[in-house]
Amino acid sequence: MTIKNIAVLTSGGDAPGMNAAIRAVVLAAHHYALPTIGFFSGYNGLIEASSTLLTPASVNGIIHRGGTILKSARCPAMLTEQGLKSAAATLRKEQIDALIVIGGDGSFNGLLALNKYWSGAIIGIPGTIDNDIDGTDFTIGFSTAVNTGIEAIDKIRDTAEAFERIFIVEVMGRRSGHITFNVGIASAAEQILSFENFSQADEQEKLSHLAKEIKQAQHNRHASYIIVIAENLWPGGAVQLAKQLKQTANIDCTACILGYIQRGGSPVAKDRILATKMGVAAVQALIAGKNNVMIGERNNQLLTVPLDVAVQHKEKVSESLVSAQESILALTAQ
Ligand code: ATP
């Protein structure tokens, strides 16, 4: 299929670097003399036919900005046949030949569903802070989110040291532990609690284990104590864990939920560069006749991965990271 008109949208949780990816798509398409239309607010823009022509001028001065100039949103209508049909109808009406979606696994599932009603080419660019996409070492936004988490915990550490306090810091990541383990390791957390080393069936055992370790650390006058915990892991989250430690072992902890600050902010160099490489590669992949793939990067080499492989959630947090923390770095009661 000859590509004449490209569309791009950002979908799911926004991630720092999405703007850099939009910019790269627009500039690459312009280089190959292809016009690019941007749809607003994720798949809502397709269903509501809300779009704008993107030119090199429209992507000027955005590489350093967090969020996304195209806006992002969840779009429940995409889970219905009616929604998919209206999205496909808009693409046909606008004579779009190829759609590039910058988003996470949910957004890629949306692309795969849409493909049943629309025969244009589809390409995914992994844009999510969670790093939970298979076939790529990193997703756009992950590095910035990890750096934001580290900066926040470095600050919390100052208070924790000064007041000899215990903090339980909850970080984002949906159902994956990439952010938790990377932030925890890089901020020298005394404990990391994540999907890789905790299951809800072990809640009571883990609670008494943690209480024992914290008491030992207090006995040794270890001034500050930070537990980094993944969201959606402990029943009731960090606040409930703090309550349980108080109730069962009379340990005072402060729960701190980092939340949305991890999604925002100016993208770090690594995300800007990854996003730019992936945006250019997406347009080149379309010109080369590729379809139904995600642009990934492995060992610094760009590649394409079938979209249905990218959403499988088979890839886990690096085992060396988990085992270094568990067997060597985590503070353990002697
Ligand atoms: P993140 O994990 O970073 O938040 P994401 O892309 O995984 O990003 P989701 O909310 O899971 O975010 O999905 C984004 C949108 O993709 C949904 O709101 C919906 O419009 C669409 N989508 C998700 N799953 C499907 C599906 N199975 N069929 C059709 N559309 C889907």
# chains A, B, ... in the order shown; residues from 1 in each chain; ligands from 1
>>> residues_around(residues="Ala89 (chain A)", least_positions_apart="6", cutoff="10 Å", atoms="only C-alpha atoms", output="PDB file with N, CA and C atoms, in the first residue's frame")
ATOM      1  N   LEU A  46     -10.687  10.130  17.341  1.00  0.00           N
ATOM      2  CA  LEU A  46     -11.152   9.397  16.148  1.00  0.00           C
ATOM      3  C   LEU A  46     -12.670   9.324  16.161  1.00  0.00           C
ATOM      4  N   ILE A  47     -13.219   9.009  17.332  1.00  0.00           N
ATOM      5  CA  ILE A  47     -14.673   8.819  17.409  1.00  0.00           C
ATOM      6  C   ILE A  47     -15.408  10.148  17.214  1.00  0.00           C
ATOM      7  N   ALA A  49     -14.104  12.754  15.628  1.00  0.00           N
ATOM      8  CA  ALA A  49     -13.504  13.434  14.471  1.00  0.00           C
ATOM      9  C   ALA A  49     -12.879  14.775  14.876  1.00  0.00           C
ATOM     10  N   GLY A  83     -18.219   1.994  18.753  1.00  0.00           N
ATOM     11  CA  GLY A  83     -17.090   2.914  18.882  1.00  0.00           C
ATOM     12  C   GLY A  83     -16.022   2.612  17.839  1.00  0.00           C
ATOM     13  N   GLN A  95      -9.341  10.010   4.781  1.00  0.00           N
ATOM     14  CA  GLN A  95      -8.430   9.344   3.820  1.00  0.00           C
ATOM     15  C   GLN A  95      -7.051   9.062   4.427  1.00  0.00           C
ATOM     16  N   TYR A 117     -11.805  -3.305  11.696  1.00  0.00           N
ATOM     17  CA  TYR A 117     -12.813  -2.491  11.005  1.00  0.00           C
ATOM     18  C   TYR A 117     -12.201  -1.506  10.021  1.00  0.00           C
ATOM     19  N   TRP A 118     -10.885  -1.462   9.999  1.00  0.00           N
ATOM     20  CA  TRP A 118     -10.202  -0.489   9.133  1.00  0.00           C
ATOM     21  C   TRP A 118      -8.911  -1.125   8.620  1.00  0.00           C
TER      22      TRP A 118
END
>>> residues_around(residues="region 171-182 of chain A", least_positions_apart="5", cutoff="6 Å", atoms="only C-alpha atoms", output="list in words")
Asp130, Val146, Ser194, Phe195, Ala230, Glu231, Leu258 and Val317 of chain A
>>> residues_near_ligand(ligand="ligand 1", cutoff="6 Å", atoms="only C-alpha atoms and all ligand atoms", output="MDAnalysis selection string")
chainID A and resid 11:13 43 74:76 78:79 103:107 109:110 113 128
>>> residues_around(residues="Arg157 (chain A)", least_positions_apart="3", cutoff="8 Å", atoms="only C-alpha atoms", output="PyMOL selection string")
chain A and resi 153-154+160-161+224+226
>>> residues_around(residues="Ile251 (chain A)", least_positions_apart="6", cutoff="10 Å", atoms="only C-alpha atoms", output="MDAnalysis selection string")
chainID A and resid 166 211 214:215 242:245
>>> residues_around(residues="Gly135 (chain A)", least_positions_apart="3", cutoff="7 Å", atoms="only C-alpha atoms", output="PyMOL selection string")
chain A and resi 296+305+310
